[in-house]
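**Q** Quick one: this structure, given as structure tokens, is what I'll be asking you about.
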Amino acid sequence: FKRASEIDTANLPLLMKLGDANRKARKYTEAAAAYTQLVRLDTVNEKALTELGTLYVRAKQWKLALSPLRTLTRLNPESADIQMNYLRALTEVKDYPNIIPQAKTVLVAAPGNLEVLLTLADAFTKLNMKDSAATVYAQVNPDSMDRTKLIDYGKVLWTLDQPEKATEMMERAFRKDTTACDVPYELGTLYMKLKKWNDAIGMFDRKLACDTTVGFQFATHLNEGMSMMQLKEFKEALQLILAAIEKRPDNVQAWLTLAQDYAQLGQDEKKVEAYQKVLDLIAADTTANGKYENQKAEANRMIGVQMLLDKKYSKAVDYLSEALKVTPKDCQVLLWIAQSNQNSNKKEDARKFYCRVIKTCPNSAQAKDAEKGLEVLGLKCED
């Protein structure tokens, strides 16, 4: 057959016989070559396409299988096996845009097919079409999902801000293997979202025990510390936050959380030091591009009010003025600046800020305090 085909390269029956003979002799490369030559000459030869596609599928050469299978889906649109093999080939090569229409085609003939539904949901997820992914996942009984798919579904729901449903899927995944280390952190953050602080702490403890990587040690210590703070366990929180900072000493959020915890513990000097560290880190970060404006405002605000309480009025004005650059309508900050100026005997500056409070936040508690301050000064706002 081979010699004859070399003499008559366009003899289709001969090429088919050559391919079949090589296939039966388990010479699959030679068989594929013969079928490929035949398909070049007859692009819709169903038998050759079928044999070629079957060879590539069995050899798991998915990229090579795509072309014959694609043609076969057009020639035999009713064939469930062909449609399914094409979908599997698309899945293996991660061709997500084409997986979606093909999966929908298969589902028309086989509605509710678990493999196809999960394949479709995964394609939507990979293409960041989370709403569509959630819609498909919702058609699947969670009891029929393995833990990997439950985790994927949970993450989709978390992205869509559905923490209750996301938690349910993550809990299901966790129950399938309580020793696995990939779920506790995700589940802990979900419990935080739901304000289930004790449950969150339990999950974070598990994560700390099983994952020694720096990134997760940092994030888990910090999140557990924040959960402890919600339970008003500020001393326990302190140790966790300090452990997080040990892992990532330049992390702004960690230092901000430390400052907040020191504030709850009444350790004012350490609170101010931590807030100052926040400001120093932000100033040193040339790539921030306004990323830390809220943290900057809080740090300046809290240091400023502490300076006011410590009767360091000039410093109070400096820090509070920096906070005001971020939140120019913060009437509490405006009031504190006015009071700091009044206590420094800077009456005109005090009057100006008292009047800004009254103008910005009329009828507020801060406005009433501003009116009292003006009365003490014996001054009024300009009309």
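How things are named: the first chain in the structure tokens is A, the next is B, and so on; residues count from 1 in each chain; ligands count from 1 in the order shown.
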Could you list, as a VMD selection string, every residue within 8 Å of segment 112-128 of chain A, counting only C-alpha atoms and ignoring same-chain residues fewer than 4 positions away?

**A** chain A and resid 91 96 to 97 99 to 100 103 to 104 106 to 107 132 to 134 136 to 137 139 to 140 149 156

**Q** Write out the residues from the selection above, keeping C-alpha atoms, as a PDB file, in the first residue's frame.

**A**
ATOM      1  CA  THR A  91     -10.926  21.965  27.322  1.00  0.00           C
ATOM      2  CA  TYR A  96     -12.035  29.065  26.808  1.00  0.00           C
ATOM      3  CA  PRO A  97     -13.763  31.351  24.253  1.00  0.00           C
ATOM      4  CA  ILE A  99     -15.458  26.081  24.999  1.00  0.00           C
ATOM      5  CA  ILE A 100     -18.488  28.225  25.826  1.00  0.00           C
ATOM      6  CA  ALA A 103     -20.545  23.369  25.791  1.00  0.00           C
ATOM      7  CA  LYS A 104     -23.873  25.070  25.129  1.00  0.00           C
ATOM      8  CA  VAL A 106     -23.643  19.755  23.933  1.00  0.00           C
ATOM      9  CA  LEU A 107     -26.059  20.809  26.660  1.00  0.00           C
ATOM     10  CA  SER A 132     -22.466  33.666  34.054  1.00  0.00           C
ATOM     11  CA  ALA A 133     -20.279  31.207  35.951  1.00  0.00           C
ATOM     12  CA  ALA A 134     -22.465  31.512  39.052  1.00  0.00           C
ATOM     13  CA  VAL A 136     -24.177  27.701  35.610  1.00  0.00           C
ATOM     14  CA  TYR A 137     -22.852  26.514  38.973  1.00  0.00           C
ATOM     15  CA  GLN A 139     -27.644  24.389  38.115  1.00  0.00           C
ATOM     16  CA  VAL A 140     -25.370  21.783  39.723  1.00  0.00           C
ATOM     17  CA  LYS A 149     -15.096  22.711  42.085  1.00  0.00           C
ATOM     18  CA  VAL A 156     -16.874  33.040  42.263  1.00  0.00           C
TER      19      VAL A 156
END

**Q** Using only C-alpha atoms, which residues sit within 6 Å of segment 191-206 of chain A once same-chain residues fewer than 2 positions away are excluded, as a PyMOL selection string?

**A** chain A and resi 184-185+188-189+208-209+220+224+227

**Q** Take the residues just selected and output them with N, CA, C and O atoms as a PDB file, in the first residue's frame.

**A**
ATOM      1  N   PRO A 184      -8.686  26.769  54.706  1.00  0.00           N
ATOM      2  CA  PRO A 184      -8.856  27.517  55.968  1.00  0.00           C
ATOM      3  C   PRO A 184      -8.703  29.032  55.854  1.00  0.00           C
ATOM      4  O   PRO A 184      -9.481  29.767  56.463  1.00  0.00           O
ATOM      5  N   TYR A 185      -7.725  29.515  55.096  1.00  0.00           N
ATOM      6  CA  TYR A 185      -7.555  30.971  55.012  1.00  0.00           C
ATOM      7  C   TYR A 185      -8.744  31.616  54.309  1.00  0.00           C
ATOM      8  O   TYR A 185      -9.274  32.633  54.772  1.00  0.00           O
ATOM      9  N   GLY A 188     -11.630  31.527  56.584  1.00  0.00           N
ATOM     10  CA  GLY A 188     -11.451  32.488  57.670  1.00  0.00           C
ATOM     11  C   GLY A 188     -11.807  33.904  57.259  1.00  0.00           C
ATOM     12  O   GLY A 188     -12.470  34.636  57.997  1.00  0.00           O
ATOM     13  N   THR A 189     -11.390  34.305  56.045  1.00  0.00           N
ATOM     14  CA  THR A 189     -11.717  35.660  55.585  1.00  0.00           C
ATOM     15  C   THR A 189     -13.222  35.813  55.352  1.00  0.00           C
ATOM     16  O   THR A 189     -13.783  36.880  55.571  1.00  0.00           O
ATOM     17  N   LEU A 208      -2.220  28.747  60.076  1.00  0.00           N
ATOM     18  CA  LEU A 208      -0.897  28.999  60.639  1.00  0.00           C
ATOM     19  C   LEU A 208      -0.146  27.704  60.909  1.00  0.00           C
ATOM     20  O   LEU A 208       1.082  27.644  60.778  1.00  0.00           O
ATOM     21  N   ALA A 209      -0.898  26.663  61.269  1.00  0.00           N
ATOM     22  CA  ALA A 209      -0.269  25.384  61.594  1.00  0.00           C
ATOM     23  C   ALA A 209       0.197  24.621  60.361  1.00  0.00           C
ATOM     24  O   ALA A 209       1.150  23.835  60.434  1.00  0.00           O
ATOM     25  N   THR A 220      -2.308  35.779  57.671  1.00  0.00           N
ATOM     26  CA  THR A 220      -3.108  35.032  58.637  1.00  0.00           C
ATOM     27  C   THR A 220      -2.943  35.594  60.037  1.00  0.00           C
ATOM     28  O   THR A 220      -3.931  35.749  60.775  1.00  0.00           O
ATOM     29  N   GLU A 224      -6.099  37.274  61.935  1.00  0.00           N
ATOM     30  CA  GLU A 224      -6.504  36.730  63.239  1.00  0.00           C
ATOM     31  C   GLU A 224      -6.414  37.811  64.314  1.00  0.00           C
ATOM     32  O   GLU A 224      -7.268  37.896  65.198  1.00  0.00           O
ATOM     33  N   SER A 227      -9.421  39.935  64.012  1.00  0.00           N
ATOM     34  CA  SER A 227     -10.587  39.233  64.556  1.00  0.00           C
ATOM     35  C   SER A 227     -10.593  39.296  66.071  1.00  0.00           C
ATOM     36  O   SER A 227     -11.644  39.482  66.698  1.00  0.00           O
TER      37      SER A 227
END

**Q** In Å, with one decimal, what is the gap from atom CA of Ala254 of chain A to atom CA of Leu281 of chain A?

**A**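 Computing it gives 11.2 Å between the two atoms.
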
**Q** At a cut-off of 7 Å, using only C-alpha atoms, what residues contact Ala274 of chain A? Leave out same-chain residues fewer than 4 positions from it and give the result as a list in words.

**A**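 Residues meeting the cut-off are Trp255, Leu256, Leu258, Ala259, Lys270 and Val278 of chain A.
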
**Q** Would you kindly return, as a PyMOL selection string, each protein, DNA or RNA residue with an atom no farther than 9 Å from any atom of Met228 of chain A, considering only C-alpha atoms and excluding same-chain residues fewer than 2 positions away?

**A** chain A and resi 197-198+201+223-226+230-238+240

**Q** I'd like to know which residues of segment 38-226 of chain A are helix (DSSP H, G or I) (by DSSP, run on the backbone); could you write them as a tab-separated table (two decimals) with C-alpha atoms, in the first residue's frame?

**A**
chain	number	residue	atom	x	y	z
A	38	LEU	CA	-6.32	11.92	2.46
A	39	VAL	CA	-8.07	14.77	4.31
A	40	ARG	CA	-5.98	17.34	2.46
A	41	LEU	CA	-7.36	15.91	-0.76
A	46	GLU	CA	-15.90	11.51	7.19
A	47	LYS	CA	-14.19	8.15	7.68
A	48	ALA	CA	-10.67	9.59	7.42
A	49	LEU	CA	-11.55	12.48	9.71
A	50	THR	CA	-13.06	10.07	12.22
A	51	GLU	CA	-10.01	7.79	12.24
A	52	LEU	CA	-7.64	10.75	12.45
A	53	GLY	CA	-9.59	12.37	15.28
A	54	THR	CA	-9.80	9.06	17.15
A	55	LEU	CA	-6.05	8.51	16.88
A	56	TYR	CA	-5.25	11.94	18.27
A	57	VAL	CA	-7.82	11.68	21.08
A	58	ARG	CA	-6.49	8.29	22.18
A	62	TRP	CA	-5.45	17.47	21.76
A	63	LYS	CA	-4.17	20.29	19.59
A	64	LEU	CA	-3.89	17.96	16.61
A	65	ALA	CA	-7.32	16.52	17.36
A	66	LEU	CA	-9.03	19.91	17.14
A	67	SER	CA	-9.09	20.29	13.36
A	68	PRO	CA	-10.63	16.90	12.41
A	69	LEU	CA	-13.05	17.04	15.33
A	70	ARG	CA	-14.15	20.56	14.43
A	71	THR	CA	-14.93	19.45	10.88
A	72	LEU	CA	-16.76	16.37	12.15
A	73	THR	CA	-19.00	18.48	14.39
A	74	ARG	CA	-20.22	20.26	11.25
A	75	LEU	CA	-20.62	17.03	9.28
A	80	ALA	CA	-23.10	13.25	20.82
A	81	ASP	CA	-19.73	11.47	20.89
A	82	ILE	CA	-18.18	13.77	18.30
A	83	GLN	CA	-19.53	16.90	19.99
A	84	MET	CA	-18.27	15.71	23.35
A	85	ASN	CA	-14.82	14.78	22.07
A	86	TYR	CA	-14.47	18.21	20.48
A	87	LEU	CA	-15.44	19.85	23.78
A	88	ARG	CA	-12.87	17.76	25.65
A	89	ALA	CA	-10.18	18.72	23.15
A	90	LEU	CA	-11.04	22.42	23.56
A	91	THR	CA	-10.93	21.97	27.32
A	92	GLU	CA	-7.54	20.27	27.25
A	96	TYR	CA	-12.03	29.07	26.81
A	97	PRO	CA	-13.76	31.35	24.25
A	98	ASN	CA	-14.62	28.34	22.07
A	99	ILE	CA	-15.46	26.08	25.00
A	100	ILE	CA	-18.49	28.22	25.83
A	101	PRO	CA	-20.46	27.83	22.56
A	102	GLN	CA	-19.44	24.18	22.24
A	103	ALA	CA	-20.54	23.37	25.79
A	104	LYS	CA	-23.87	25.07	25.13
A	105	THR	CA	-24.28	22.96	21.99
A	106	VAL	CA	-23.64	19.75	23.93
A	107	LEU	CA	-26.06	20.81	26.66
A	108	VAL	CA	-28.88	21.14	24.14
A	109	ALA	CA	-28.67	17.40	23.54
A	114	LEU	CA	-22.48	17.38	35.06
A	115	GLU	CA	-19.14	17.31	33.24
A	116	VAL	CA	-20.32	19.81	30.64
A	117	LEU	CA	-21.91	22.18	33.15
A	118	LEU	CA	-18.74	22.29	35.23
A	119	THR	CA	-16.63	22.75	32.11
A	120	LEU	CA	-18.83	25.66	31.05
A	121	ALA	CA	-18.71	27.23	34.52
A	122	ASP	CA	-14.93	26.97	34.55
A	123	ALA	CA	-14.65	28.63	31.13
A	124	PHE	CA	-16.83	31.53	32.28
A	125	THR	CA	-14.69	31.86	35.40
A	126	LYS	CA	-11.43	31.88	33.45
A	130	LYS	CA	-18.38	35.57	37.06
A	131	ASP	CA	-22.12	36.20	36.86
A	132	SER	CA	-22.47	33.67	34.05
A	133	ALA	CA	-20.28	31.21	35.95
A	134	ALA	CA	-22.46	31.51	39.05
A	135	THR	CA	-25.60	30.95	36.98
A	136	VAL	CA	-24.18	27.70	35.61
A	137	TYR	CA	-22.85	26.51	38.97
A	142	PRO	CA	-23.26	20.85	45.30
A	143	ASP	CA	-23.27	17.27	46.58
A	144	SER	CA	-22.06	16.15	43.15
A	147	ARG	CA	-13.78	19.85	46.57
A	148	THR	CA	-11.87	21.67	43.81
A	149	LYS	CA	-15.10	22.71	42.08
A	150	LEU	CA	-16.66	23.68	45.41
A	151	ILE	CA	-13.69	25.96	46.04
A	152	ASP	CA	-13.95	27.44	42.55
A	153	TYR	CA	-17.66	28.06	43.04
A	154	GLY	CA	-17.04	29.59	46.45
A	155	LYS	CA	-14.46	31.99	45.01
A	156	VAL	CA	-16.87	33.04	42.26
A	157	LEU	CA	-19.57	33.78	44.84
A	158	TRP	CA	-17.06	35.65	47.02
A	159	THR	CA	-16.12	37.82	44.01
A	163	PRO	CA	-20.44	35.73	51.34
A	164	GLU	CA	-23.16	33.52	52.81
A	165	LYS	CA	-23.33	31.28	49.75
A	166	ALA	CA	-19.56	31.42	49.29
A	167	THR	CA	-19.11	30.28	52.89
A	168	GLU	CA	-21.47	27.35	52.34
A	169	MET	CA	-19.40	26.11	49.39
A	170	MET	CA	-16.11	26.56	51.23
A	171	GLU	CA	-17.48	24.72	54.26
A	172	ARG	CA	-18.53	21.85	52.01
A	173	ALA	CA	-15.03	21.75	50.52
A	174	PHE	CA	-13.48	21.84	53.97
A	175	ARG	CA	-15.60	18.93	55.21
A	176	LYS	CA	-14.43	16.81	52.27
A	184	PRO	CA	-8.86	27.52	55.97
A	185	TYR	CA	-7.55	30.97	55.01
A	186	GLU	CA	-10.31	31.57	52.45
A	187	LEU	CA	-12.93	30.36	54.90
A	188	GLY	CA	-11.45	32.49	57.67
A	189	THR	CA	-11.72	35.66	55.58
A	190	LEU	CA	-15.32	34.78	54.74
A	191	TYR	CA	-16.12	34.31	58.42
A	192	MET	CA	-14.63	37.77	59.02
A	193	LYS	CA	-16.96	39.18	56.38
A	197	TRP	CA	-15.00	36.13	64.65
A	198	ASN	CA	-14.51	32.93	66.67
A	199	ASP	CA	-14.99	30.78	63.58
A	200	ALA	CA	-12.52	32.96	61.70
A	201	ILE	CA	-9.93	32.58	64.45
A	202	GLY	CA	-10.32	28.80	64.37
A	203	MET	CA	-9.66	28.71	60.63
A	204	PHE	CA	-6.69	31.06	60.88
A	205	ASP	CA	-5.16	28.84	63.59
A	206	ARG	CA	-5.42	25.91	61.18
A	207	LYS	CA	-3.76	27.92	58.41
A	208	LEU	CA	-0.90	29.00	60.64
A	209	ALA	CA	-0.27	25.38	61.59
A	210	CYS	CA	-0.15	24.03	58.04
A	214	VAL	CA	5.84	34.13	54.59
A	215	GLY	CA	2.90	35.59	52.71
A	216	PHE	CA	0.28	33.47	54.43
A	217	GLN	CA	1.98	33.68	57.82
A	218	PHE	CA	1.79	37.47	57.53
A	219	ALA	CA	-1.80	37.70	56.28
A	220	THR	CA	-3.11	35.03	58.64
A	221	HIS	CA	-1.51	36.54	61.74
A	222	LEU	CA	-2.84	39.96	60.79
A	223	ASN	CA	-6.38	38.76	60.06
A	224	GLU	CA	-6.50	36.73	63.24
A	225	GLY	CA	-5.28	39.76	65.17
A	226	MET	CA	-8.02	41.90	63.64
